[in-house]
$ cat input_11.pdb   # PDB, C-alpha atoms
ATOM      1  CA  MET A1237      -8.425  57.949 -14.547
ATOM      2  CA  LYS A1238     -11.937  57.280 -15.753
ATOM      3  CA  LYS A1239     -13.115  56.427 -12.241
ATOM      4  CA  ILE A1240     -13.114  60.100 -11.251
ATOM      5  CA  ASP A1241     -14.495  63.243 -12.846
ATOM      6  CA  ARG A1242     -11.662  65.282 -14.360
ATOM      7  CA  SER A1243     -12.307  68.363 -12.201
ATOM      8  CA  LEU A1244     -12.368  66.327  -8.976
ATOM      9  CA  LEU A1245      -9.150  64.562  -9.967
ATOM     10  CA  ALA A1246      -7.441  67.896 -10.621
ATOM     11  CA  ARG A1247      -8.519  69.221  -7.227
ATOM     12  CA  LEU A1248      -7.301  66.085  -5.442
ATOM     13  CA  LYS A1249      -3.917  66.388  -7.114
ATOM     14  CA  THR A1250      -3.444  70.109  -6.480
ATOM     15  CA  ARG A1251      -4.597  70.045  -2.838
ATOM     16  CA  PRO A1252      -3.483  66.649  -1.433
ATOM     17  CA  GLN A1253      -3.713  67.823   2.181
ATOM     18  CA  ASP A1254      -7.436  68.711   1.957
ATOM     19  CA  ASN A1255     -10.039  66.527   3.630
ATOM     20  CA  VAL A1256     -12.712  65.240   1.258
ATOM     21  CA  ARG A1257     -15.954  63.310   1.543
ATOM     22  CA  LEU A1258     -16.572  60.832  -1.250
ATOM     23  CA  ILE A1259     -18.976  58.161  -2.399
ATOM     24  CA  VAL A1260     -16.988  55.174  -3.640
ATOM     25  CA  ARG A1261     -18.680  52.543  -5.851
ATOM     26  CA  VAL A1262     -17.124  49.131  -5.307
ATOM     27  CA  ALA A1263     -17.088  45.666  -6.814
ATOM     28  CA  GLY A1264     -17.747  42.751  -4.504
ATOM     29  CA  ASP A1265     -18.773  42.725  -0.863
ATOM     30  CA  VAL A1266     -19.565  46.191   0.529
ATOM     31  CA  PRO A1267     -18.523  45.515   4.166
ATOM     32  CA  GLN A1268     -15.243  44.028   2.929
ATOM     33  CA  ALA A1269     -14.682  47.086   0.733
ATOM     34  CA  ALA A1270     -15.359  49.360   3.724
ATOM     35  CA  ALA A1271     -12.694  47.477   5.697
ATOM     36  CA  ARG A1272     -10.248  47.807   2.796
ATOM     37  CA  LEU A1273     -10.955  51.538   2.573
ATOM     38  CA  GLU A1274     -10.255  51.926   6.277
ATOM     39  CA  GLY A1275      -7.025  49.994   5.794
ATOM     40  CA  LEU A1276      -5.998  52.604   3.236
ATOM     41  CA  GLY A1277      -6.606  55.405   5.754
ATOM     42  CA  ALA A1278     -10.201  56.425   5.008
ATOM     43  CA  THR A1279     -12.982  56.735   7.575
ATOM     44  CA  THR A1280     -16.194  54.924   6.645
ATOM     45  CA  LEU A1281     -19.200  57.178   7.189
ATOM     46  CA  GLN A1282     -21.926  54.926   5.755
ATOM     47  CA  THR A1283     -22.374  51.886   3.533
ATOM     48  CA  PHE A1284     -25.024  51.442   0.854
ATOM     49  CA  SER A1285     -25.656  47.801  -0.054
ATOM     50  CA  LEU A1286     -28.215  48.556  -2.745
ATOM     51  CA  THR A1287     -25.840  50.707  -4.798
ATOM     52  CA  LYS A1288     -22.672  48.890  -3.670
ATOM     53  CA  SER A1289     -21.179  52.132  -2.399
ATOM     54  CA  VAL A1290     -19.343  53.419   0.637
ATOM     55  CA  ALA A1291     -19.332  57.010   1.891
ATOM     56  CA  ILE A1292     -15.884  57.937   3.182
ATOM     57  CA  SER A1293     -13.903  60.827   4.575
ATOM     58  CA  CYS A1294     -10.162  61.021   3.894
ATOM     59  CA  SER A1295      -7.350  63.217   2.680
ATOM     60  CA  ALA A1296      -7.151  63.973  -1.020
ATOM     61  CA  ARG A1297      -3.870  62.046  -1.091
ATOM     62  CA  THR A1298      -5.642  58.949   0.285
ATOM     63  CA  ALA A1299      -8.466  59.419  -2.234
ATOM     64  CA  LEU A1300      -5.941  59.189  -5.068
ATOM     65  CA  THR A1301      -4.686  55.894  -3.617
ATOM     66  CA  VAL A1302      -8.256  54.613  -3.282
ATOM     67  CA  ALA A1303      -8.955  55.433  -6.926
ATOM     68  CA  LYS A1304      -6.106  53.158  -8.031
ATOM     69  CA  GLN A1305      -7.602  50.065  -6.399
ATOM     70  CA  PRO A1306      -8.918  47.503  -8.914
ATOM     71  CA  TRP A1307     -12.095  46.873  -6.884
ATOM     72  CA  VAL A1308     -13.036  50.589  -6.950
ATOM     73  CA  LEU A1309     -15.409  51.194  -9.853
ATOM     74  CA  GLY A1310     -15.853  54.927  -9.425
ATOM     75  CA  MET A1311     -15.898  57.793  -6.987
ATOM     76  CA  GLU A1312     -17.591  61.127  -6.710
ATOM     77  CA  GLU A1313     -17.811  63.918  -4.211
ATOM     78  CA  ASP A1314     -20.358  63.380  -1.439
ATOM     79  CA  ARG A1315     -22.578  66.419  -1.712
ATOM     80  CA  LYS A1316     -25.447  67.660   0.368
ATOM     81  CA  VAL A1317     -28.774  66.890  -1.321
ATOM     82  CA  SER A1318     -31.960  68.769  -0.491
ATOM     83  CA  MET A1319     -35.521  68.267  -1.632
ATOM     84  CA  GLN A1320     -38.169  70.907  -1.932
TER      85      GLN A1320
END
$ encode --input "input_11.pdb" --output "structure tokens"
Amino acid sequence: MKKIDRSLLARLKTRPQDNVRLIVRVAGDVPQAAARLEGLGATTLQTFSLTKSVAISCSARTALTVAKQPWVLGMEEDRKVSMQ
């Protein structure tokens, strides 16, 4: 799956019960994508219209299902960012 970094994909597969926070880049309408993500079992934390992304929380098993959707362009772990 080219949508996900290889190390993240491996972790999702080996620990499907874990909760993860992800940023999902989507094609099309962001609010519609957020609704679709919720329909798949994810919780929408925030939407980003400028980057066409949705921050979600879900199980690793759900994340693997999300990654298979044709309207999902990519996903990465939502990490804490700090500035000095």
$ closest_residue --input "input_11.pdb" --among "A:Lys1304, A:Arg1261, A:Arg1297, A:Arg1315" --to "Ser1285 in chain A" --atoms "all atoms listed in the file"
A:Arg1261
$ atom_distance --input "input_11.pdb" --atom1 "CA of Ile1259 in chain A" --atom2 "CA of Ala1271 in chain A"
14.8 Å
$ resolve_selection --input "input_11.pdb" --expression "the PyMOL selection byres ((chain A and resi 1314) around 8)" --output "tab-separated table (two decimals) with C-alpha atoms, keeping the file's coordinate frame"
chain	number	residue	atom	x	y	z
A	1257	ARG	CA	-15.95	63.31	1.54
A	1258	LEU	CA	-16.57	60.83	-1.25
A	1259	ILE	CA	-18.98	58.16	-2.40
A	1291	ALA	CA	-19.33	57.01	1.89
A	1312	GLU	CA	-17.59	61.13	-6.71
A	1313	GLU	CA	-17.81	63.92	-4.21
A	1315	ARG	CA	-22.58	66.42	-1.71
A	1316	LYS	CA	-25.45	67.66	0.37
$ atom_distance --input "input_11.pdb" --atom1 "CA of Leu1245 in chain A" --atom2 "CA of Met1311 in chain A"
10.0 Å
$ atom_distance --input "input_11.pdb" --atom1 "CA of Thr1279 in chain A" --atom2 "CA of Ala1296 in chain A"
12.7 Å
$ resolve_selection --input "input_11.pdb" --expression "the PyMOL selection byres ((chain A and resi 1253) around 7)" --output "list in words"
Arg1251, Pro1252, Asp1254, Asn1255, Ser1295, Ala1296 and Arg1297 of chain A
$ closest_residue --input "input_11.pdb" --among "A:Pro1306, A:Ser1293, A:Lys1288, A:Thr1298" --to "Val1262 in chain A" --atoms "all atoms listed in the file"
A:Lys1288
$ residues_around --input "input_11.pdb" --residues "Val1308 in chain A" --least-positions-apart "6" --cutoff "9 Å" --atoms "all atoms listed in the file" --output "list in words"
Lys1239, Val1260, Arg1261, Val1262, Ala1263, Ala1269 and Val1302 of chain A
$ closest_residue --input "input_11.pdb" --among "A:Val1256, A:Thr1250, A:Val1317, A:Ala1270" --to "Val1290 in chain A" --atoms "all atoms listed in the file"
A:Ala1270
$ resolve_selection --input "input_11.pdb" --expression "the PyMOL selection byres ((chain A and resi 1238) around 10)" --output "JSON, numbers by chain"
{"A": [1237, 1239, 1240, 1241, 1242, 1245, 1303, 1309, 1310, 1311]}
$ closest_residue --input "input_11.pdb" --among "A:Val1266, A:Leu1273, A:Leu1300, A:Leu1286" --to "Lys1249 in chain A" --atoms "all atoms listed in the file"
A:Leu1300
$ axis_aligned_box --input "input_11.pdb" --around "range 1260-1270 of chain A" --padding-each-side "3 Å" --output "JSON"
{"center_x": -17.1, "center_y": 48.9, "center_z": -1.3, "size_x": 10.9, "size_y": 18.4, "size_z": 17.0}
$ closest_residue --input "input_11.pdb" --among "A:Met1319, A:Gly1277, A:Trp1307, A:Gln1268" --to "Ile1292 in chain A" --atoms "only C-alpha atoms"
A:Gly1277
$ build_atoms --input "input_11.pdb" --residues "range 1275-1306 of chain A" --atoms "N, CA and C atoms" --output "CSV table (one decimal), keeping the file's coordinate frame"
chain,number,residue,atom,x,y,z
A,1275,GLY,N,-8.4,50.4,5.8
A,1275,GLY,CA,-7.0,50.0,5.8
A,1275,GLY,C,-6.1,50.9,5.0
A,1276,LEU,N,-6.7,51.6,4.0
A,1276,LEU,CA,-6.0,52.6,3.2
A,1276,LEU,C,-5.9,54.0,3.9
A,1277,GLY,N,-6.7,54.1,5.0
A,1277,GLY,CA,-6.6,55.4,5.8
A,1277,GLY,C,-7.9,56.2,5.7
A,1278,ALA,N,-8.9,55.7,5.1
A,1278,ALA,CA,-10.2,56.4,5.0
A,1278,ALA,C,-11.1,56.1,6.2
A,1279,THR,N,-12.0,57.0,6.5
A,1279,THR,CA,-13.0,56.7,7.6
A,1279,THR,C,-14.3,56.4,6.9
A,1280,THR,N,-14.9,55.3,7.2
A,1280,THR,CA,-16.2,54.9,6.6
A,1280,THR,C,-17.3,55.7,7.4
A,1281,LEU,N,-18.1,56.4,6.6
A,1281,LEU,CA,-19.2,57.2,7.2
A,1281,LEU,C,-20.5,56.4,7.1
A,1282,GLN,N,-20.7,55.7,6.0
A,1282,GLN,CA,-21.9,54.9,5.8
A,1282,GLN,C,-21.7,54.0,4.6
A,1283,THR,N,-22.4,52.8,4.6
A,1283,THR,CA,-22.4,51.9,3.5
A,1283,THR,C,-23.8,51.8,2.9
A,1284,PHE,N,-23.8,51.5,1.6
A,1284,PHE,CA,-25.0,51.4,0.9
A,1284,PHE,C,-25.0,50.1,0.1
A,1285,SER,N,-25.7,49.1,0.6
A,1285,SER,CA,-25.7,47.8,-0.1
A,1285,SER,C,-26.3,47.8,-1.4
A,1286,LEU,N,-27.4,48.5,-1.5
A,1286,LEU,CA,-28.2,48.6,-2.7
A,1286,LEU,C,-27.4,49.1,-3.9
A,1287,THR,N,-26.6,50.1,-3.7
A,1287,THR,CA,-25.8,50.7,-4.8
A,1287,THR,C,-24.4,50.3,-4.8
A,1288,LYS,N,-24.0,49.4,-3.8
A,1288,LYS,CA,-22.7,48.9,-3.7
A,1288,LYS,C,-21.7,50.0,-3.6
A,1289,SER,N,-22.0,50.9,-2.6
A,1289,SER,CA,-21.2,52.1,-2.4
A,1289,SER,C,-20.8,52.3,-0.9
A,1290,VAL,N,-19.8,53.1,-0.7
A,1290,VAL,CA,-19.3,53.4,0.6
A,1290,VAL,C,-19.1,54.9,0.7
A,1291,ALA,N,-19.6,55.6,1.7
A,1291,ALA,CA,-19.3,57.0,1.9
A,1291,ALA,C,-18.1,57.1,2.8
A,1292,ILE,N,-17.1,57.8,2.4
A,1292,ILE,CA,-15.9,57.9,3.2
A,1292,ILE,C,-15.5,59.4,3.4
A,1293,SER,N,-14.6,59.6,4.4
A,1293,SER,CA,-13.9,60.8,4.6
A,1293,SER,C,-12.4,60.5,4.6
A,1294,CYS,N,-11.6,61.3,3.9
A,1294,CYS,CA,-10.2,61.0,3.9
A,1294,CYS,C,-9.4,62.2,3.3
A,1295,SER,N,-8.1,62.2,3.3
A,1295,SER,CA,-7.4,63.2,2.7
A,1295,SER,C,-7.4,63.0,1.2
A,1296,ALA,N,-7.2,64.1,0.4
A,1296,ALA,CA,-7.2,64.0,-1.0
A,1296,ALA,C,-6.1,63.0,-1.5
A,1297,ARG,N,-5.0,63.0,-0.8
A,1297,ARG,CA,-3.9,62.0,-1.1
A,1297,ARG,C,-4.4,60.6,-1.0
A,1298,THR,N,-5.1,60.3,0.1
A,1298,THR,CA,-5.6,58.9,0.3
A,1298,THR,C,-6.7,58.6,-0.8
A,1299,ALA,N,-7.5,59.6,-1.2
A,1299,ALA,CA,-8.5,59.4,-2.2
A,1299,ALA,C,-7.8,59.0,-3.5
A,1300,LEU,N,-6.7,59.6,-3.8
A,1300,LEU,CA,-5.9,59.2,-5.1
A,1300,LEU,C,-5.5,57.7,-5.0
A,1301,THR,N,-5.1,57.3,-3.8
A,1301,THR,CA,-4.7,55.9,-3.6
A,1301,THR,C,-5.9,55.0,-3.8
A,1302,VAL,N,-7.0,55.4,-3.2
A,1302,VAL,CA,-8.3,54.6,-3.3
A,1302,VAL,C,-8.7,54.4,-4.7
A,1303,ALA,N,-8.5,55.5,-5.5
A,1303,ALA,CA,-9.0,55.4,-6.9
A,1303,ALA,C,-8.2,54.4,-7.7
A,1304,LYS,N,-7.0,54.1,-7.3
A,1304,LYS,CA,-6.1,53.2,-8.0
A,1304,LYS,C,-6.4,51.7,-7.7
A,1305,GLN,N,-7.3,51.4,-6.8
A,1305,GLN,CA,-7.6,50.1,-6.4
A,1305,GLN,C,-8.5,49.4,-7.5
A,1306,PRO,N,-8.2,48.2,-7.8
A,1306,PRO,CA,-8.9,47.5,-8.9
A,1306,PRO,C,-10.4,47.2,-8.6
